[in-house]
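Taking it in order: structure first as structure tokens, then the write-up.
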Amino acid sequence: MGIDLGGKIWATWTRDFEKEPELVEDTDRLEEDLKSDAEEIDPNTILWPELPGQGRHEDYAYNILLLGEEAIGSGSARGRTDLIIIATLNTKENSVKLTSLMRDMLVQIPGYQDNKLNSAYEKGGIPLLYETIALNFDIKLDGCVMVNFENFEKIIDRLGGLEITLTKGEAKYLNTTNYISKPQYRTVVEGKQKLNGNQVLGYSRIRKRATITGENNDYGRTDRHRIILNAIFEKYKTTSKVDLASIMFSVLPMITTDINGQNFEMLLNTFIDMGTMEIEQLRIPAEGTFTDNVKVRGMDVLIPNKVENIEILHDFIFGEE
């Protein structure tokens with residue numbers, strides 16, 4: 001008997017502010033070991049729908065994959081991509097959009113067993129991740145930008161820090177754990193403030209405290225990723241083309257990308273010409289379109305309804321037809 005992926009199961013999560021946070025290792029791998037109440041299921045009972053898997057592409061929508069690589073404890077040349085966001089420039093709508101893909105989604109990975117989305121890069125690099133996203137979400141990507149933790153800190157510092165609003169729980173957690181890896185920077189407070197690269201990196205990786213959006217666990221962390229990108233956008237959305245180009249070329253040595261300089265310039269010009277002042281945001285899987293609190297081969301996963309999520313993703317990125 002297969003799992004019906006056409007049904008809707010609402011996600012639930014807890015918000016626990018009661019316990020004093022302890023000093024922990026600077027990795028979320030430890031948190032994953034704390035989950036124990038999920039139901040183990042046989043992956044062979046999952047009935048994936050047949051999809052074309054070629055990837056939709058429209059000339060008016062540029063879709064760039066943004067990746068954050070965590071190599072902590074991976075034991076391989078490549079780590080896992082714990083930040084996975086599709087950044088879209090839609091010239092038909094003059095819109096900028098960010099879509100977070102949840103790292104713990106169970107997906108089909110070409111040539112491998114079904115696994116979490118964030119394992120695809122570790123197994124086969126960017127080419128396999130492109131194939132995986134095309135197969136599961138029917139999107140053809142126009143390029144990729146990836147940064148590791150160390151260079152992420154450097155980029156934020158190069159940008160002069162970011163204005164981020166912290167909740168009381170987030171500030172307390174950051175000051176009493178190793179998420180801010182340098183003790184001298186564990187001085188954050190509740191409210192809006194400028195954070196440096198080390199502080200922003202710590203903020204981006206929190207899972208045990210709700211963010212200002214009210215989300216917790218990995219749902220909150222994906223919100224934080226978009227909050228950070230939105231803070232960068234807000235800081236530079238009115239910057240001149242010359243200054244933006246200077247900033248862009250100053251950070252290029254700190255990222256890994258398959259986008260050449262000419263295409264970067266084209267994307268920059270497109271962004272400036274659009275004159276967009278707001279960012280639209282989405283998280284996939286969307287609310288009510290996935291099964292959670294389940295394990296596959298010992299892994300806590302989310303099982304998305306592919307058909308529903310593809311429709312939602314395409315409507316968001318390309319616009320409703």
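Going through the structure tokens in order, the chains are called A, B, and so on, while each chain numbers its residues from 1 and the ligands are numbered from 1 in the order shown.
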
If DSSP is run on the backbone, what residues of stretch 6-209 of chain A are strand (DSSP E)? A reply as number ranges by chain would be ideal.
A: 39-41, 61-70, 80-90, 95-101, 106-107, 115-116, 143-148, 162-166, 191-195

Leaving out stretch 214-221 of chain A and any residue of its chain fewer than 4 positions from it, which residues lie within 7 Å of it when counting only C-alpha atoms, given as a ChimeraX atom specification?
/A:15,204-210,225

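Distances from A:Ile155, A:Ile212, A:Leu89, A:Ile41 to A:Asn269 were compared using only C-alpha atoms, and the smallest one belongs to A:Leu89.
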
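What separates atom CA of A:Leu106 from atom CA of A:Phe152 is a distance of 26.9 Å.
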
Counting only C-alpha atoms, what are the residues of stretch 80-114 of chain A within 12 Å of stretch 274-283 of chain A, and for each of them which pair of atoms is the nearest and at what distance in Å, to one decimal? Sort the table by chain and rising number, as a tab-separated table.
residue	atom	partner	partner_atom	distance
A:Ile84	CA	A:Arg283	CA	10.5
A:Ile85	CA	A:Arg283	CA	9.0
A:Ile86	CA	A:Leu282	CA	9.7
A:Ala87	CA	A:Gln281	CA	9.5
A:Thr88	CA	A:Glu280	CA	9.6
A:Leu89	CA	A:Met274	CA	8.8
A:Asn90	CA	A:Met274	CA	8.9
A:Thr91	CA	A:Met274	CA	6.9
A:Lys92	CA	A:Met274	CA	9.6
A:Glu93	CA	A:Met274	CA	9.0
A:Asn94	CA	A:Met274	CA	5.3
A:Ser95	CA	A:Thr276	CA	6.1
A:Val96	CA	A:Ile279	CA	5.2
A:Lys97	CA	A:Glu280	CA	4.7
A:Leu98	CA	A:Gln281	CA	4.9
A:Thr99	CA	A:Leu282	CA	4.7
A:Ser100	CA	A:Arg283	CA	4.7
A:Leu101	CA	A:Arg283	CA	6.2
A:Met102	CA	A:Arg283	CA	7.3
A:Arg103	CA	A:Arg283	CA	11.0
A:Met105	CA	A:Arg283	CA	11.7

Using DSSP on the backbone, list every residue of stretch 232-303 of chain A that comes out as helix (DSSP H, G or I), and give them as JSON, numbers by chain.
{"A": [232, 233, 234, 235, 236, 241, 242, 243, 244, 245, 246, 247, 248, 249, 250, 251, 252, 253, 254, 261, 262, 263, 264, 265, 266, 267, 268, 269, 270, 271, 272, 273, 274]}

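For the set A:Ala38, A:Ile259, A:Leu159, A:Leu128, the residue with the smallest atom-to-atom gap to A:Arg297 is A:Ala38, counting only C-alpha atoms.
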
Using only C-alpha atoms, which residue out of A:Asp42, A:Ala134, A:Met146, A:Val107 lies closest to A:Asp258?
A:Met146
